[in-house]
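**Student:** Input: one structure, supplied below.
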Amino acid sequence: MGVKYIPEPFRIKMVETIKMTTREGREESLKQANYNMFNLKGEDVYIDLLTDSGTNAMSSGQWAGIMQGDEAYAGAKSYYRLAETAQEIFGFEYIQPVHQGRASEKVMFTLLLGKGKVAISNMFFDTTRAHVELAGARAIDCVVEEAKVPSLRSKFKGNMDVKKLESLITEYGAENVGMVVMTITNNSAGGQPVSVQNMKEVAGICKKYGILLNIDAARYAENAYFVKRDEEGYQDKSIMEITREMFSYADTFTMSAKKDTIVNIGGLLGVKDAKKNGDLVMGIKGQCISFEGFVTYGGLAGRDLEALAIGLKEGLEEDYLAYRIGQMEYLAGRLDDAGIAYQSPVGGHGVFVDAAALFPDIPYYEFPAQVLAVELYREAGIRACEIGSFLLGNDPDTKKQLKADFEFTRLAIPRRVYTQAHLDVIADALIAVKERAKEIRRGYRITWEPPVLRHFQAHLEPIKE
Ligand code: F0G
């Protein structure tokens, strides 16, 4: 079989040396890190797949933009360039830069949510869920059932379950639903896309009940690429046209710009109809000045605004997106050949390996996806991330460990960073772990955990047989 690798539509102008690690050194690093990938030192990692967020390689155009950043405190040229570019792409009147995605959530969610409110999403990313809860509200996931079966190759597995959405709205009462959030692509379900059709249906329901519809837009360009490739009627549309249509159904967006806009830091917030939502815009400005900085820089340097404005356009280039999604397909193709299960079809920013299938005897409360993350590091110095019960945490009432729908080990691929040879190292390492998977029968126990977002800091230890 084998999937053909789509060659890079760029050449390499600058390189960064990475350390070749040893098995002994990696064993020691794991102990020092208390078996938590977030505690590893970056320099002790050979191939870093912890996240595709802020780990992207900027272009020569963006680096040139960095030198031209206008550092004026108020009204910088770079701010206007960014705002105009974003207005053109998304068709939104009000654009607010912030320092990263969770800042846009903190700025806006507290204005729309509070005690007694709920927010419903096709799936909340973990920090997004945390900001709903910090605002005093409850976060409810409402993804289509197909998303929960990794082996089921159906299209648009990131979609909202529209029937369930409507029944949740009736159950809680429309007046108590502070917002509906469409995460494109759906990160927690495996970088799975949302169709325009689904977005339209969700917008129709929101309109019917008078509920605000927000897009969590971190990976909007990858989503548009899937729409063009897989949704009927979109083959002849440009990525820009598809993006614009997708956003035309929403009222607001929050965005981590550290993903599809190919920069290392940044975020955006948008309000489509600024006149109709004057109070919201005023609230956003006030919150932004208090937490992020003046409205024309929002916690970013002028040079960051400039790189972001350029990245917004580069991220929409079709040749780049074909190569980018091609990398995921190549890696997934190698796993298919080796019989390793993952969330399929492969999503937009990484391969989500089904660790529960690889280690069927390790129960969710011993964190099989964490086992695989540790073994990949042990095997080849590859750092991945657990997206399963370890990340999900404990029930807030009973304090008992919750069972996640998936036990994924996410191999997130940074943009324009790794080559085909690196992808082969990753596939070979996974195959090597699979070959000795039967010998690994026990997982990990938590020896210390903080009360909020525990997976970033918790300490773990291997359970001995
Ligand atoms: N929304 C989604 C869908 C995300 O994937 C992220 C971040 C955020 C919001 C928050 O943005 O990190 O800029 O504050 N996801 C990263 C990840 C961290 O690894 O998937 P942020």
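Residues are named by chain letter and number: chains run A, B, ... in the order of the structure tokens, numbers start at 1 in each chain, and ligands are numbered from 1 in the order shown.
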Could you tell me, as a PyMOL selection string, which residues of range 157-341 of chain A DSSP assigns to alpha helix (DSSP H) when given the backbone?

**Tutor:** chain A and resi 162-172+196-209+220-230+239-248+278-291+302-314+318-338

**Student:** With ligand 1 as the partner and 10 Å as the cut-off, tabulate the residues of chain A that qualify, each row holding the nearest pair of atoms and their distance in Å to one decimal, using only C-alpha atoms and all ligand atoms, sorted by chain and rising number, as JSON lines.

**Tutor:**
```
{"residue": "A:Leu49", "atom": "CA", "partner": "ligand 1", "partner_atom_place_in_ligand_line": "19 (O)", "distance": 9.3}
{"residue": "A:Leu50", "atom": "CA", "partner": "ligand 1", "partner_atom_place_in_ligand_line": "19 (O)", "distance": 6.9}
{"residue": "A:Thr51", "atom": "CA", "partner": "ligand 1", "partner_atom_place_in_ligand_line": "19 (O)", "distance": 4.3}
{"residue": "A:Asp52", "atom": "CA", "partner": "ligand 1", "partner_atom_place_in_ligand_line": "19 (O)", "distance": 6.1}
{"residue": "A:Ser53", "atom": "CA", "partner": "ligand 1", "partner_atom_place_in_ligand_line": "16 (C)", "distance": 5.2}
{"residue": "A:Gly54", "atom": "CA", "partner": "ligand 1", "partner_atom_place_in_ligand_line": "13 (O)", "distance": 7.8}
{"residue": "A:Thr55", "atom": "CA", "partner": "ligand 1", "partner_atom_place_in_ligand_line": "19 (O)", "distance": 9.8}
{"residue": "A:Val98", "atom": "CA", "partner": "ligand 1", "partner_atom_place_in_ligand_line": "13 (O)", "distance": 9.5}
{"residue": "A:His99", "atom": "CA", "partner": "ligand 1", "partner_atom_place_in_ligand_line": "13 (O)", "distance": 7.8}
{"residue": "A:Gln100", "atom": "CA", "partner": "ligand 1", "partner_atom_place_in_ligand_line": "13 (O)", "distance": 4.0}
{"residue": "A:Gly101", "atom": "CA", "partner": "ligand 1", "partner_atom_place_in_ligand_line": "11 (O)", "distance": 3.5}
{"residue": "A:Arg102", "atom": "CA", "partner": "ligand 1", "partner_atom_place_in_ligand_line": "14 (O)", "distance": 3.7}
{"residue": "A:Ala103", "atom": "CA", "partner": "ligand 1", "partner_atom_place_in_ligand_line": "14 (O)", "distance": 6.4}
{"residue": "A:Ser104", "atom": "CA", "partner": "ligand 1", "partner_atom_place_in_ligand_line": "14 (O)", "distance": 8.1}
{"residue": "A:Glu105", "atom": "CA", "partner": "ligand 1", "partner_atom_place_in_ligand_line": "9 (C)", "distance": 8.0}
{"residue": "A:Lys106", "atom": "CA", "partner": "ligand 1", "partner_atom_place_in_ligand_line": "14 (O)", "distance": 9.7}
{"residue": "A:Met123", "atom": "CA", "partner": "ligand 1", "partner_atom_place_in_ligand_line": "3 (C)", "distance": 8.6}
{"residue": "A:Phe124", "atom": "CA", "partner": "ligand 1", "partner_atom_place_in_ligand_line": "3 (C)", "distance": 7.1}
{"residue": "A:Phe125", "atom": "CA", "partner": "ligand 1", "partner_atom_place_in_ligand_line": "2 (C)", "distance": 5.0}
{"residue": "A:Asp126", "atom": "CA", "partner": "ligand 1", "partner_atom_place_in_ligand_line": "6 (C)", "distance": 7.6}
{"residue": "A:Thr127", "atom": "CA", "partner": "ligand 1", "partner_atom_place_in_ligand_line": "10 (C)", "distance": 5.9}
{"residue": "A:Thr128", "atom": "CA", "partner": "ligand 1", "partner_atom_place_in_ligand_line": "9 (C)", "distance": 5.7}
{"residue": "A:Arg129", "atom": "CA", "partner": "ligand 1", "partner_atom_place_in_ligand_line": "9 (C)", "distance": 9.2}
{"residue": "A:Met182", "atom": "CA", "partner": "ligand 1", "partner_atom_place_in_ligand_line": "3 (C)", "distance": 9.3}
{"residue": "A:Thr183", "atom": "CA", "partner": "ligand 1", "partner_atom_place_in_ligand_line": "3 (C)", "distance": 5.7}
{"residue": "A:Ile184", "atom": "CA", "partner": "ligand 1", "partner_atom_place_in_ligand_line": "3 (C)", "distance": 7.0}
{"residue": "A:Thr185", "atom": "CA", "partner": "ligand 1", "partner_atom_place_in_ligand_line": "3 (C)", "distance": 7.2}
{"residue": "A:Asn186", "atom": "CA", "partner": "ligand 1", "partner_atom_place_in_ligand_line": "3 (C)", "distance": 6.6}
{"residue": "A:Asn187", "atom": "CA", "partner": "ligand 1", "partner_atom_place_in_ligand_line": "3 (C)", "distance": 5.3}
{"residue": "A:Ser188", "atom": "CA", "partner": "ligand 1", "partner_atom_place_in_ligand_line": "3 (C)", "distance": 7.6}
{"residue": "A:Gly190", "atom": "CA", "partner": "ligand 1", "partner_atom_place_in_ligand_line": "20 (O)", "distance": 10.0}
{"residue": "A:Gly191", "atom": "CA", "partner": "ligand 1", "partner_atom_place_in_ligand_line": "3 (C)", "distance": 8.8}
{"residue": "A:Ile215", "atom": "CA", "partner": "ligand 1", "partner_atom_place_in_ligand_line": "1 (N)", "distance": 9.5}
{"residue": "A:Asp216", "atom": "CA", "partner": "ligand 1", "partner_atom_place_in_ligand_line": "1 (N)", "distance": 5.7}
{"residue": "A:Ala217", "atom": "CA", "partner": "ligand 1", "partner_atom_place_in_ligand_line": "3 (C)", "distance": 6.9}
{"residue": "A:Ala218", "atom": "CA", "partner": "ligand 1", "partner_atom_place_in_ligand_line": "3 (C)", "distance": 5.4}
{"residue": "A:Arg219", "atom": "CA", "partner": "ligand 1", "partner_atom_place_in_ligand_line": "3 (C)", "distance": 7.2}
{"residue": "A:Tyr220", "atom": "CA", "partner": "ligand 1", "partner_atom_place_in_ligand_line": "3 (C)", "distance": 9.7}
{"residue": "A:Thr254", "atom": "CA", "partner": "ligand 1", "partner_atom_place_in_ligand_line": "9 (C)", "distance": 7.8}
{"residue": "A:Met255", "atom": "CA", "partner": "ligand 1", "partner_atom_place_in_ligand_line": "9 (C)", "distance": 6.6}
{"residue": "A:Ser256", "atom": "CA", "partner": "ligand 1", "partner_atom_place_in_ligand_line": "13 (O)", "distance": 4.0}
{"residue": "A:Ala257", "atom": "CA", "partner": "ligand 1", "partner_atom_place_in_ligand_line": "13 (O)", "distance": 6.5}
{"residue": "A:Lys258", "atom": "CA", "partner": "ligand 1", "partner_atom_place_in_ligand_line": "13 (O)", "distance": 5.7}
{"residue": "A:Lys259", "atom": "CA", "partner": "ligand 1", "partner_atom_place_in_ligand_line": "13 (O)", "distance": 7.9}
{"residue": "A:Asn264", "atom": "CA", "partner": "ligand 1", "partner_atom_place_in_ligand_line": "13 (O)", "distance": 9.5}
{"residue": "A:Ile265", "atom": "CA", "partner": "ligand 1", "partner_atom_place_in_ligand_line": "13 (O)", "distance": 7.4}
{"residue": "A:Gly266", "atom": "CA", "partner": "ligand 1", "partner_atom_place_in_ligand_line": "13 (O)", "distance": 6.9}
{"residue": "A:Gly267", "atom": "CA", "partner": "ligand 1", "partner_atom_place_in_ligand_line": "13 (O)", "distance": 6.4}
{"residue": "A:Leu268", "atom": "CA", "partner": "ligand 1", "partner_atom_place_in_ligand_line": "13 (O)", "distance": 9.5}
{"residue": "A:His349", "atom": "CA", "partner": "ligand 1", "partner_atom_place_in_ligand_line": "20 (O)", "distance": 8.9}
{"residue": "A:Gly350", "atom": "CA", "partner": "ligand 1", "partner_atom_place_in_ligand_line": "20 (O)", "distance": 9.8}
{"residue": "A:Cys385", "atom": "CA", "partner": "ligand 1", "partner_atom_place_in_ligand_line": "19 (O)", "distance": 8.4}
{"residue": "A:Ile387", "atom": "CA", "partner": "ligand 1", "partner_atom_place_in_ligand_line": "20 (O)", "distance": 9.7}
{"residue": "A:Arg410", "atom": "CA", "partner": "ligand 1", "partner_atom_place_in_ligand_line": "19 (O)", "distance": 9.2}
{"residue": "A:Ala412", "atom": "CA", "partner": "ligand 1", "partner_atom_place_in_ligand_line": "19 (O)", "distance": 7.6}
```

**Student:** For C-alpha atoms, I'd like the residues from the last selection saved as a compact mmCIF listing (two decimals), in the first residue's frame.

**Tutor:**
```
# COMPACT_ATOMS: atom_id res chain seq x y z
CA LEU A 49 4.99 16.27 18.88
CA LEU A 50 3.60 17.57 22.17
CA THR A 51 1.64 20.20 20.28
CA ASP A 52 1.25 22.00 16.96
CA SER A 53 0.63 25.21 18.91
CA GLY A 54 3.26 27.94 18.65
CA THR A 55 5.78 25.38 17.42
CA VAL A 98 -4.91 39.02 22.24
CA HIS A 99 -1.80 37.14 23.34
CA GLN A 100 -3.18 33.63 22.70
CA GLY A 101 -6.36 31.59 22.41
CA ARG A 102 -7.18 31.21 26.08
CA ALA A 103 -6.88 34.98 26.49
CA SER A 104 -9.67 35.47 23.94
CA GLU A 105 -11.75 32.99 25.96
CA LYS A 106 -11.03 34.75 29.25
CA MET A 123 -16.25 19.49 21.80
CA PHE A 124 -14.46 21.87 24.09
CA PHE A 125 -10.68 22.00 24.11
CA ASP A 126 -9.40 21.59 27.69
CA THR A 127 -8.50 25.24 28.38
CA THR A 128 -11.72 26.37 26.69
CA ARG A 129 -13.70 24.11 29.00
CA MET A 182 -18.20 25.26 17.12
CA THR A 183 -14.59 24.10 17.36
CA ILE A 184 -13.09 23.89 13.86
CA THR A 185 -11.38 21.54 13.42
CA ASN A 186 -12.57 19.52 16.41
CA ASN A 187 -9.25 19.09 18.26
CA SER A 188 -10.41 16.80 21.07
CA GLY A 190 -8.82 14.07 16.67
CA GLY A 191 -8.54 17.20 14.54
CA ILE A 215 -16.42 29.64 16.47
CA ASP A 216 -13.33 28.31 18.27
CA ALA A 217 -11.24 28.98 15.20
CA ALA A 218 -7.74 27.64 15.96
CA ARG A 219 -7.62 25.39 12.87
CA TYR A 220 -10.01 27.16 10.49
CA THR A 254 -12.24 33.18 19.55
CA MET A 255 -8.94 32.05 18.08
CA SER A 256 -5.61 30.69 19.10
CA ALA A 257 -3.44 32.06 16.28
CA LYS A 258 -0.61 29.73 17.31
CA LYS A 259 -1.91 27.03 14.97
CA ASN A 264 4.71 31.30 17.65
CA ILE A 265 2.39 33.50 19.71
CA GLY A 266 -0.91 35.31 19.21
CA GLY A 267 -4.66 35.14 19.34
CA LEU A 268 -7.68 36.90 17.92
CA HIS A 349 -3.04 18.54 12.80
CA GLY A 350 -1.89 15.17 13.99
CA CYS A 385 0.64 14.03 24.49
CA ILE A 387 -5.63 12.92 25.35
CA ARG A 410 -1.75 12.58 20.10
CA ALA A 412 0.64 16.67 16.85
```

**Student:** Which residues come within 12 Å of Gly178 in chain A, counting only C-alpha atoms, excluding same-chain residues fewer than 5 positions away, as a PyMOL selection string?

**Tutor:** chain A and resi 108-121+132+135-140+169+172-173+206+209-214

**Student:** Kindly provide the residues of range 84-136 of chain A that approach range 246-251 of chain A to within 9 Å, each paired with its closest atom pair and their distance in Å to one decimal, based on only C-alpha atoms, listed by chain and increasing number, as JSON lines.

**Tutor:**
```
{"residue": "A:Phe90", "atom": "CA", "partner": "A:Phe247", "partner_atom": "CA", "distance": 6.0}
{"residue": "A:Gly91", "atom": "CA", "partner": "A:Ser248", "partner_atom": "CA", "distance": 7.1}
{"residue": "A:Phe92", "atom": "CA", "partner": "A:Phe247", "partner_atom": "CA", "distance": 8.2}
```

**Student:** Applying 12 Å and only C-alpha atoms, which residues near Glu145 in chain A remain after dropping the ones on its own chain fewer than 6 positions away? List them as a list in words.

**Tutor:**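 Counting only C-alpha atoms, the residues come to Asn122, Met123, Leu152, Ser154, Phe156, Lys157, Gly158, Asn159, Met160, Asp161, Val162, Lys163, Lys164, Ala189 and Asp405 of chain A.
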
**Student:** Go ahead and dump the residues you just picked, N, CA, C and O atoms, as an mmCIF file, in the first residue's frame.

**Tutor:**
```
data_model
loop_
_atom_site.group_PDB
_atom_site.id
_atom_site.type_symbol
_atom_site.label_atom_id
_atom_site.label_comp_id
_atom_site.auth_asym_id
_atom_site.auth_seq_id
_atom_site.Cartn_x
_atom_site.Cartn_y
_atom_site.Cartn_z
ATOM 1 N N ASN A 122 -19.434 21.273 19.986
ATOM 2 C CA ASN A 122 -19.171 19.975 19.356
ATOM 3 C C ASN A 122 -18.077 19.259 20.153
ATOM 4 O O ASN A 122 -18.076 18.050 20.245
ATOM 5 N N MET A 123 -17.161 19.978 20.753
ATOM 6 C CA MET A 123 -16.252 19.494 21.804
ATOM 7 C C MET A 123 -15.393 20.652 22.249
ATOM 8 O O MET A 123 -14.818 21.353 21.420
ATOM 9 N N LEU A 152 -14.086 3.886 12.629
ATOM 10 C CA LEU A 152 -15.134 4.217 11.648
ATOM 11 C C LEU A 152 -14.692 5.379 10.754
ATOM 12 O O LEU A 152 -14.554 6.512 11.224
ATOM 13 N N SER A 154 -15.703 7.733 8.738
ATOM 14 C CA SER A 154 -16.730 8.575 8.112
ATOM 15 C C SER A 154 -16.240 10.016 8.050
ATOM 16 O O SER A 154 -15.385 10.432 8.840
ATOM 17 N N PHE A 156 -16.269 14.152 8.211
ATOM 18 C CA PHE A 156 -16.767 15.205 9.118
ATOM 19 C C PHE A 156 -17.179 14.657 10.485
ATOM 20 O O PHE A 156 -18.273 14.905 10.973
ATOM 21 N N LYS A 157 -16.258 13.917 11.061
ATOM 22 C CA LYS A 157 -16.494 13.354 12.395
ATOM 23 C C LYS A 157 -16.422 14.412 13.493
ATOM 24 O O LYS A 157 -16.642 14.112 14.654
ATOM 25 N N GLY A 158 -16.078 15.664 13.104
ATOM 26 C CA GLY A 158 -16.020 16.730 14.105
ATOM 27 C C GLY A 158 -17.360 17.408 14.318
ATOM 28 O O GLY A 158 -17.503 18.267 15.189
ATOM 29 N N ASN A 159 -18.362 17.033 13.516
ATOM 30 C CA ASN A 159 -19.664 17.716 13.525
ATOM 31 C C ASN A 159 -20.380 17.700 14.875
ATOM 32 O O ASN A 159 -20.198 16.785 15.677
ATOM 33 N N MET A 160 -21.254 18.678 15.026
ATOM 34 C CA MET A 160 -22.170 18.730 16.170
ATOM 35 C C MET A 160 -23.309 17.750 15.924
ATOM 36 O O MET A 160 -23.795 17.630 14.786
ATOM 37 N N ASP A 161 -23.759 17.092 16.983
ATOM 38 C CA ASP A 161 -24.977 16.275 16.910
ATOM 39 C C ASP A 161 -26.152 17.249 17.039
ATOM 40 O O ASP A 161 -26.496 17.682 18.141
ATOM 41 N N VAL A 162 -26.765 17.608 15.900
ATOM 42 C CA VAL A 162 -27.768 18.688 15.918
ATOM 43 C C VAL A 162 -29.047 18.305 16.675
ATOM 44 O O VAL A 162 -29.646 19.147 17.346
ATOM 45 N N LYS A 163 -29.429 17.037 16.591
ATOM 46 C CA LYS A 163 -30.637 16.600 17.324
ATOM 47 C C LYS A 163 -30.414 16.757 18.820
ATOM 48 O O LYS A 163 -31.242 17.285 19.549
ATOM 49 N N LYS A 164 -29.238 16.283 19.240
ATOM 50 C CA LYS A 164 -28.906 16.345 20.673
ATOM 51 C C LYS A 164 -28.782 17.812 21.118
ATOM 52 O O LYS A 164 -29.201 18.168 22.222
ATOM 53 N N ALA A 189 -11.626 15.623 19.298
ATOM 54 C CA ALA A 189 -12.088 14.406 18.610
ATOM 55 C C ALA A 189 -11.051 13.917 17.597
ATOM 56 O O ALA A 189 -11.317 13.005 16.819
ATOM 57 N N ASP A 405 -14.039 9.179 26.675
ATOM 58 C CA ASP A 405 -14.561 8.452 25.517
ATOM 59 C C ASP A 405 -13.431 7.792 24.733
ATOM 60 O O ASP A 405 -13.620 6.774 24.084
#
```

**Student:** Kindly indicate which residue among A:Leu430, A:Val351, A:Ile310, A:Leu165 lies nearest to Asn198 in chain A, using only C-alpha atoms for the distances.

**Tutor:** A:Leu165

**Student:** Can you list, as a list in words, every protein, DNA or RNA residue that comes within 12 Å of Asp336 in chain A when you count only C-alpha atoms, leaving out same-chain residues fewer than 3 positions away?

**Tutor:**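 What passes the distance filter is Met1, Gly2, Val3, Ser151, Glu329, Tyr330, Leu331, Ala332, Gly333, Gly339, Ile340, Ala341, Tyr342, Gln343, Ser344, Pro345, Val346, Val351, Val353, Ala427, Leu430 and Ile431 of chain A.
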
**Student:** For range 390-398 of chain A, list every protein, DNA or RNA residue within 8 Å, evaluated using only C-alpha atoms, and leave out those in the same chain fewer than 2 positions away; present the list as a PyMOL selection string.

**Tutor:** chain A and resi 365+367+370+386-388+400-404+453-455

**Student:** What is the CA of His131 in chain A to CA of Asn176 in chain A distance in Å?

**Tutor:**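 The value is 17.1 Å.
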
**Student:** I'd like to know which residues of range 215-379 of chain A are strand (DSSP E) (by DSSP, run on the backbone); could you write them as a VMD selection string?

**Tutor:** chain A and resid 215 to 216 252 to 256 267 to 271 350 to 354

**Student:** When you look at Lys31 in chain A with a cut-off of 10 Å (counting only C-alpha atoms), what residues show up, excluding the ones that are within fewer than 5 positions of it in the same chain? I need them as a list in words.

**Tutor:**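 Contacts, in chain order: Arg26, Asn36, Leu40, Leu460, Glu461 and Pro462 of chain A.
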
**Student:** When distances are computed from only C-alpha atoms, which of A:His422, A:Arg11, A:Lys19, A:Arg415 shows the smallest separation from Glu314 in chain A?

**Tutor:**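 Of the candidates, the smallest distance to Glu314 in chain A is held by A:Arg415.
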
**Student:** Nearest to Leu335 in chain A among A:Leu305, A:Asp424, A:Phe406, A:Ala384, with distances taken over only C-alpha atoms: which residue is it?

**Tutor:**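 Counting only C-alpha atoms, the residue closest to Leu335 in chain A is A:Asp424.
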